[in-house]
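Here the structure comes first, spelled out in structure tokens, and everything after it is commentary.
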Amino acid sequence: MTNLGVLVSGNGTNLQAIIDAIEGGLLDSKVKVVISNNPGAFAIERAKRHNIPTEIVSNKTFPAKEDYDRRLVEILKEHSVDLVILAGFMRILTHVLINAFPMRIMNIHPALLPAFPGLNVQKKALEHGVKFSGATVHFVDEGIDTGPIIIQAVVPVYDDDTEEILSARILQEEHRIYPQAVKLFAEGRLEVKGSRAIIKDSPTTEGAMENPSVTMFKEMDECLSKSSKK
Ligand code: GAR
């Protein structure tokens, strides 16, 4: 059983996805504590509904970033947390927290890292005109949205997407891959080698995704398959 500590700032739909996976018997873990820097975070309400202990650690009480993180470490250790989950936690962590849980902090980011780190990334993806974006779960190191990538999911970006529509499409994938990444950790199947997170016993899959859809390339595909037969 893996003990989780979840750090939140907002709505908490990723927290909810993890709670649902646990309650549905898909994930052998327990959320021991949910901590928010924002007293108004709806995520706190979600935790209470599931009888999960909550803590508010206000930015104002601990203005120095290191002191803030020291308090987080205290709470996480009090609850015997094995894995720290950042689920929409809108603060940058210091070495204090990162060193207390080396390669035992996960983050989810609404883009295909290393593209579009930072904030407002769905808007940036639209402005850049990428044809695909997605979500990334990664271990946290001292960089901003860097650290070994565990799972990514890809979504298409359409010409008439708004930031809201694209965010919702990505969020749906976040809810699939975050519990999955936690499950891999809980099963002891993640091994960090340098900058890579390797999934042990993972079946290899082949294939490619295209946007616009593959049917647009039908003529090209037919032509290529004929030429390969020559
Ligand atoms: C999610 O889209 C998550 O990827 C993003 O905040 C949202 C939180 O939603 N996180 C970041 O941008 C971190 N850099 P939630 O509160 O409903 O889980």
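Letters A, B, ... go to the chains of the structure tokens in the order shown; residues in each chain start at 1; ligands are counted from 1 in the same order.
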
From the DSSP assignment of the backbone, select every residue of chain A that is strand (DSSP E), and format the answer as a PyMOL selection string. chain A and resi 2-8+29-36+54-56+83-87+105-109+132-139+149-156+190-193+196-199

Residues as selected, N, CA and C atoms, written as a compact mmCIF listing (two decimals), in the first residue's frame, can you do that?
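Listing of out_6.txt after writing:
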```
# COMPACT_ATOMS: atom_id res chain seq x y z
N THR A 2 0.68 2.12 -0.98
CA THR A 2 1.48 3.35 -1.07
C THR A 2 0.70 4.52 -0.47
N ASN A 3 1.34 5.23 0.44
CA ASN A 3 0.69 6.39 1.07
C ASN A 3 0.94 7.64 0.24
N LEU A 4 -0.15 8.30 -0.14
CA LEU A 4 -0.04 9.48 -1.00
C LEU A 4 -0.31 10.75 -0.20
N GLY A 5 0.43 11.81 -0.54
CA GLY A 5 0.13 13.16 -0.06
C GLY A 5 -0.12 13.99 -1.29
N VAL A 6 -1.28 14.62 -1.38
CA VAL A 6 -1.63 15.34 -2.60
C VAL A 6 -1.64 16.85 -2.33
N LEU A 7 -0.89 17.59 -3.16
CA LEU A 7 -0.82 19.05 -3.02
C LEU A 7 -1.68 19.69 -4.11
N VAL A 8 -2.54 20.61 -3.72
CA VAL A 8 -3.52 21.19 -4.65
C VAL A 8 -3.58 22.70 -4.46
N SER A 29 -3.50 2.20 -3.11
CA SER A 29 -2.85 3.33 -2.44
C SER A 29 -3.88 3.98 -1.53
N LYS A 30 -3.36 4.89 -0.69
CA LYS A 30 -4.28 5.62 0.20
C LYS A 30 -3.88 7.09 0.20
N VAL A 31 -4.85 7.98 0.01
CA VAL A 31 -4.55 9.41 0.13
C VAL A 31 -4.57 9.74 1.62
N LYS A 32 -3.38 10.00 2.19
CA LYS A 32 -3.28 10.22 3.63
C LYS A 32 -3.57 11.66 4.00
N VAL A 33 -3.24 12.59 3.08
CA VAL A 33 -3.47 14.00 3.38
C VAL A 33 -3.55 14.80 2.08
N VAL A 34 -4.41 15.82 2.08
CA VAL A 34 -4.48 16.76 0.96
C VAL A 34 -4.12 18.13 1.52
N ILE A 35 -3.12 18.76 0.90
CA ILE A 35 -2.65 20.06 1.39
C ILE A 35 -2.87 21.12 0.30
N SER A 36 -3.40 22.26 0.70
CA SER A 36 -3.63 23.35 -0.26
C SER A 36 -2.98 24.63 0.24
N THR A 54 -7.21 17.11 5.75
CA THR A 54 -6.78 18.24 4.91
C THR A 54 -5.98 19.23 5.74
N GLU A 55 -5.14 19.98 5.08
CA GLU A 55 -4.37 21.05 5.73
C GLU A 55 -4.30 22.22 4.76
N ILE A 56 -4.48 23.43 5.29
CA ILE A 56 -4.24 24.63 4.50
C ILE A 56 -2.91 25.21 4.98
N LEU A 83 4.69 8.94 -1.49
CA LEU A 83 4.72 9.59 -2.81
C LEU A 83 3.91 10.88 -2.73
N VAL A 84 4.55 11.97 -3.19
CA VAL A 84 3.87 13.28 -3.19
C VAL A 84 3.32 13.53 -4.59
N ILE A 85 2.03 13.90 -4.64
CA ILE A 85 1.36 14.11 -5.92
C ILE A 85 1.03 15.60 -6.06
N LEU A 86 1.60 16.25 -7.07
CA LEU A 86 1.21 17.64 -7.33
C LEU A 86 0.03 17.60 -8.30
N ALA A 87 -1.12 18.08 -7.86
CA ALA A 87 -2.32 18.01 -8.70
C ALA A 87 -2.89 19.42 -8.84
N ILE A 105 8.24 12.63 -6.02
CA ILE A 105 7.24 13.68 -6.23
C ILE A 105 6.86 13.63 -7.70
N MET A 106 5.55 13.54 -7.96
CA MET A 106 5.06 13.53 -9.35
C MET A 106 4.27 14.80 -9.62
N ASN A 107 4.33 15.23 -10.88
CA ASN A 107 3.54 16.40 -11.30
C ASN A 107 2.81 16.06 -12.59
N ILE A 108 1.67 16.71 -12.80
CA ILE A 108 1.00 16.60 -14.10
C ILE A 108 0.98 17.97 -14.74
N HIS A 109 1.25 17.97 -16.05
CA HIS A 109 1.36 19.24 -16.78
C HIS A 109 0.54 19.14 -18.06
N PHE A 132 -0.83 18.78 -32.38
CA PHE A 132 -1.08 17.91 -31.23
C PHE A 132 -0.60 18.59 -29.96
N SER A 133 -1.31 18.36 -28.90
CA SER A 133 -0.78 18.69 -27.59
C SER A 133 -1.11 17.50 -26.68
N GLY A 134 -1.17 17.72 -25.38
CA GLY A 134 -1.47 16.58 -24.52
C GLY A 134 -1.13 16.85 -23.08
N ALA A 135 -0.85 15.78 -22.37
CA ALA A 135 -0.57 15.87 -20.95
C ALA A 135 0.65 15.02 -20.63
N THR A 136 1.38 15.44 -19.61
CA THR A 136 2.60 14.73 -19.19
C THR A 136 2.60 14.53 -17.68
N VAL A 137 2.87 13.31 -17.24
CA VAL A 137 3.16 13.07 -15.83
C VAL A 137 4.66 12.83 -15.72
N HIS A 138 5.30 13.54 -14.81
CA HIS A 138 6.76 13.40 -14.67
C HIS A 138 7.17 13.48 -13.21
N PHE A 139 8.35 12.94 -12.91
CA PHE A 139 8.94 13.15 -11.59
C PHE A 139 9.45 14.59 -11.53
N ILE A 149 10.17 11.86 -17.51
CA ILE A 149 8.77 11.73 -17.96
C ILE A 149 8.30 10.29 -17.75
N ILE A 150 7.13 10.16 -17.13
CA ILE A 150 6.59 8.83 -16.82
C ILE A 150 5.56 8.39 -17.86
N ILE A 151 4.56 9.22 -18.09
CA ILE A 151 3.54 8.90 -19.11
C ILE A 151 3.15 10.19 -19.82
N GLN A 152 2.87 10.08 -21.12
CA GLN A 152 2.28 11.19 -21.85
C GLN A 152 1.07 10.71 -22.61
N ALA A 153 0.09 11.59 -22.79
CA ALA A 153 -1.06 11.29 -23.64
C ALA A 153 -1.19 12.44 -24.64
N VAL A 154 -1.54 12.07 -25.86
CA VAL A 154 -1.59 13.04 -26.96
C VAL A 154 -3.04 13.34 -27.31
N VAL A 155 -3.34 14.61 -27.56
CA VAL A 155 -4.67 14.94 -28.10
C VAL A 155 -4.47 15.81 -29.35
N PRO A 156 -5.41 15.72 -30.30
CA PRO A 156 -5.31 16.61 -31.48
C PRO A 156 -5.70 18.04 -31.10
N LEU A 190 8.54 1.61 -11.77
CA LEU A 190 9.23 2.77 -12.35
C LEU A 190 10.68 2.77 -11.91
N GLU A 191 11.57 2.90 -12.89
CA GLU A 191 13.00 2.93 -12.57
C GLU A 191 13.60 4.17 -13.25
N VAL A 192 14.23 5.03 -12.46
CA VAL A 192 14.82 6.23 -13.04
C VAL A 192 16.27 5.94 -13.41
N LYS A 193 16.56 6.16 -14.72
CA LYS A 193 17.94 5.98 -15.20
C LYS A 193 18.37 7.29 -15.83
N ARG A 196 15.78 9.59 -17.60
CA ARG A 196 14.63 8.81 -18.11
C ARG A 196 13.96 8.01 -17.00
N ALA A 197 12.65 7.93 -17.10
CA ALA A 197 11.90 7.02 -16.21
C ALA A 197 11.50 5.82 -17.06
N ILE A 198 12.02 4.67 -16.70
CA ILE A 198 11.76 3.46 -17.47
C ILE A 198 10.63 2.69 -16.80
N ILE A 199 9.68 2.20 -17.61
CA ILE A 199 8.60 1.37 -17.07
C ILE A 199 9.00 -0.08 -17.25
```

Give me, as a VMD selection string, the set of residues whose atoms come within 8 Å of any atom of ligand 1, counting only C-alpha atoms and all ligand atoms. chain A and resid 8 to 16 43 86 to 90 107 to 111 117 to 121 135 145 167 170 to 171 174

Quick one: pull the distance between CA of Ala125 (chain A) and CA of Thr94 (chain A), Å, one decimal. 27.4 Å

List the spatial neighbours of Ile18 (chain A) as an NGL selection string - criterion: any atom at most 9 Å away, only C-alpha atoms, same-chain residues fewer than 5 positions off excluded. :A and (13 or 23 or 27 or 31 or 175 or 178-180 or 182)

Output C-alpha atoms of each residue in that selection to a file, as a short mmCIF file (atom, residue, chain, number, x, y, z; two decimals), in the first residue's frame.
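Okay, this is what ended up in selection.cif:
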```
data_model
loop_
_atom_site.label_atom_id
_atom_site.label_comp_id
_atom_site.auth_asym_id
_atom_site.auth_seq_id
_atom_site.Cartn_x
_atom_site.Cartn_y
_atom_site.Cartn_z
CA THR A 13 -10.31 17.04 -10.66
CA GLU A 23 -12.18 3.55 -4.42
CA LEU A 27 -5.09 1.50 -7.32
CA VAL A 31 -4.55 9.41 0.13
CA HIS A 175 -7.56 11.90 -15.49
CA TYR A 178 -2.31 10.31 -13.54
CA PRO A 179 -3.85 7.32 -11.69
CA GLN A 180 -1.98 5.08 -14.13
CA VAL A 182 0.67 6.38 -9.55
#
```

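The residue that comes closest to Arg70 (chain A), out of A:Phe185, A:Tyr158, A:Phe101, A:Phe217 and on the basis of only C-alpha atoms, is A:Phe101.
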
I'd like the neighbourhood of Ile92 (chain A) as an MDAnalysis selection string, where a residue qualifies if any of its atoms comes within 9 Å (using only C-alpha atoms), though same-chain residues fewer than 5 positions away should be ignored. chainID A and resid 65 142:144

Would you mind listing what lies within 9 Å of Asp28 (chain A) as a VMD selection string, with only C-alpha atoms counted and same-chain residues fewer than 5 positions away left out? chain A and resid 1 to 2 21 to 22 183 186 to 187

Enumerate as an MDAnalysis selection string all residues of region 4-128 of chain A assigned to helix (DSSP H, G or I) by DSSP on the backbone, naming them with the chain letters and numbers the document uses. chainID A and resid 13:23 42:49 65:78 95:100 121:128

Output N, CA and C atoms for every residue in that selection, as a short mmCIF file (atom, residue, chain, number, x, y, z; two decimals), in the first residue's frame.
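Result file is out08.cif:
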```
data_model
loop_
_atom_site.label_atom_id
_atom_site.label_comp_id
_atom_site.auth_asym_id
_atom_site.auth_seq_id
_atom_site.Cartn_x
_atom_site.Cartn_y
_atom_site.Cartn_z
N THR A 13 -9.76 18.17 -9.89
CA THR A 13 -10.31 17.04 -10.66
C THR A 13 -9.29 15.90 -10.79
N ASN A 14 -8.01 16.24 -10.80
CA ASN A 14 -7.01 15.16 -10.84
C ASN A 14 -6.97 14.40 -9.51
N LEU A 15 -7.12 15.14 -8.40
CA LEU A 15 -7.24 14.49 -7.10
C LEU A 15 -8.44 13.53 -7.13
N GLN A 16 -9.54 14.01 -7.67
CA GLN A 16 -10.76 13.19 -7.74
C GLN A 16 -10.52 11.92 -8.55
N ALA A 17 -9.79 12.05 -9.67
CA ALA A 17 -9.52 10.88 -10.51
C ALA A 17 -8.73 9.83 -9.73
N ILE A 18 -7.79 10.30 -8.90
CA ILE A 18 -6.98 9.37 -8.11
C ILE A 18 -7.83 8.72 -7.01
N ILE A 19 -8.66 9.53 -6.35
CA ILE A 19 -9.55 8.98 -5.32
C ILE A 19 -10.48 7.93 -5.96
N ASP A 20 -11.02 8.25 -7.12
CA ASP A 20 -11.95 7.32 -7.79
C ASP A 20 -11.24 6.01 -8.15
N ALA A 21 -10.00 6.11 -8.61
CA ALA A 21 -9.25 4.89 -8.97
C ALA A 21 -9.00 4.04 -7.74
N ILE A 22 -8.74 4.69 -6.60
CA ILE A 22 -8.52 3.94 -5.35
C ILE A 22 -9.83 3.28 -4.92
N GLU A 23 -10.89 4.09 -4.89
CA GLU A 23 -12.18 3.55 -4.42
C GLU A 23 -12.73 2.49 -5.37
N PHE A 42 -11.50 24.14 -4.24
CA PHE A 42 -12.58 23.14 -4.19
C PHE A 42 -12.03 21.74 -3.92
N ALA A 43 -10.76 21.54 -4.24
CA ALA A 43 -10.10 20.25 -3.97
C ALA A 43 -10.22 19.87 -2.50
N ILE A 44 -10.19 20.85 -1.61
CA ILE A 44 -10.29 20.59 -0.17
C ILE A 44 -11.67 20.02 0.16
N GLU A 45 -12.67 20.59 -0.47
CA GLU A 45 -14.05 20.11 -0.30
C GLU A 45 -14.16 18.65 -0.77
N ARG A 46 -13.53 18.36 -1.92
CA ARG A 46 -13.56 16.98 -2.44
C ARG A 46 -12.93 16.01 -1.43
N ALA A 47 -11.78 16.41 -0.85
CA ALA A 47 -11.09 15.54 0.11
C ALA A 47 -12.00 15.28 1.32
N LYS A 48 -12.64 16.34 1.81
CA LYS A 48 -13.50 16.20 3.00
C LYS A 48 -14.64 15.23 2.72
N ARG A 49 -15.19 15.30 1.52
CA ARG A 49 -16.29 14.39 1.16
C ARG A 49 -15.88 12.92 1.25
N LYS A 65 10.09 30.88 0.83
CA LYS A 65 9.74 29.63 0.12
C LYS A 65 10.26 28.37 0.82
N GLU A 66 11.48 28.46 1.35
CA GLU A 66 12.06 27.29 2.01
C GLU A 66 11.28 26.93 3.27
N ASP A 67 10.89 27.96 4.04
CA ASP A 67 10.13 27.71 5.27
C ASP A 67 8.78 27.08 4.94
N TYR A 68 8.19 27.56 3.86
CA TYR A 68 6.90 27.00 3.41
C TYR A 68 7.08 25.50 3.15
N ASP A 69 8.13 25.18 2.40
CA ASP A 69 8.34 23.78 2.03
C ASP A 69 8.71 22.92 3.25
N ARG A 70 9.41 23.55 4.23
CA ARG A 70 9.75 22.82 5.45
C ARG A 70 8.47 22.38 6.17
N ARG A 71 7.50 23.27 6.20
CA ARG A 71 6.21 22.95 6.83
C ARG A 71 5.52 21.81 6.05
N LEU A 72 5.59 21.88 4.72
CA LEU A 72 4.98 20.80 3.91
C LEU A 72 5.63 19.46 4.24
N VAL A 73 6.96 19.45 4.32
CA VAL A 73 7.69 18.21 4.62
C VAL A 73 7.23 17.66 5.97
N GLU A 74 7.10 18.55 6.95
CA GLU A 74 6.65 18.12 8.28
C GLU A 74 5.31 17.40 8.20
N ILE A 75 4.36 18.04 7.51
CA ILE A 75 3.01 17.45 7.42
C ILE A 75 3.06 16.12 6.67
N LEU A 76 3.80 16.10 5.57
CA LEU A 76 3.86 14.88 4.75
C LEU A 76 4.48 13.73 5.56
N LYS A 77 5.52 14.05 6.34
CA LYS A 77 6.17 13.00 7.15
C LYS A 77 5.24 12.55 8.28
N GLU A 78 4.52 13.52 8.88
CA GLU A 78 3.55 13.15 9.94
C GLU A 78 2.55 12.11 9.44
N HIS A 95 14.45 23.16 -3.05
CA HIS A 95 15.25 21.96 -2.77
C HIS A 95 14.82 21.29 -1.46
N VAL A 96 14.22 22.06 -0.54
CA VAL A 96 13.84 21.50 0.77
C VAL A 96 12.86 20.34 0.58
N LEU A 97 11.85 20.58 -0.22
CA LEU A 97 10.85 19.52 -0.46
C LEU A 97 11.39 18.46 -1.43
N ILE A 98 12.08 18.92 -2.45
CA ILE A 98 12.57 17.98 -3.47
C ILE A 98 13.59 16.99 -2.86
N ASN A 99 14.48 17.51 -2.01
CA ASN A 99 15.48 16.63 -1.39
C ASN A 99 14.87 15.69 -0.35
N ALA A 100 13.74 16.11 0.23
CA ALA A 100 13.10 15.25 1.24
C ALA A 100 12.39 14.06 0.57
N VAL A 121 -0.35 27.20 -20.79
CA VAL A 121 0.29 26.45 -21.87
C VAL A 121 -0.69 26.03 -22.97
N GLN A 122 -1.97 25.90 -22.62
CA GLN A 122 -2.94 25.56 -23.67
C GLN A 122 -3.04 26.73 -24.66
N LYS A 123 -3.03 27.95 -24.11
CA LYS A 123 -3.07 29.17 -24.95
C LYS A 123 -1.81 29.22 -25.84
N LYS A 124 -0.68 28.91 -25.21
CA LYS A 124 0.58 28.96 -25.97
C LYS A 124 0.57 27.92 -27.10
N ALA A 125 0.01 26.73 -26.81
CA ALA A 125 -0.04 25.68 -27.84
C ALA A 125 -0.91 26.15 -29.01
N LEU A 126 -2.04 26.78 -28.71
CA LEU A 126 -2.92 27.28 -29.78
C LEU A 126 -2.21 28.37 -30.58
N GLU A 127 -1.57 29.29 -29.87
CA GLU A 127 -0.88 30.40 -30.56
C GLU A 127 0.24 29.88 -31.45
N HIS A 128 0.87 28.80 -31.01
CA HIS A 128 1.99 28.25 -31.79
C HIS A 128 1.50 27.47 -33.01
#
```

What separation in Å, quoted to one decimal, exists between CA of Ser227 (chain A) and CA of Gly207 (chain A)? 20.1 Å

Nearest residue to Asp141 (chain A) from the set A:Gly188, A:Gly194, A:Pro63, A:Gly129 (distances using only C-alpha atoms):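 Looking at the shortest contact to Asp141 (chain A), the residue is A:Gly194.
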
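Distance check against Val157 (chain A) using only C-alpha atoms: of A:Ser213, A:Asn37, A:Asn51, A:Ser58, the minimum falls on A:Ser213.
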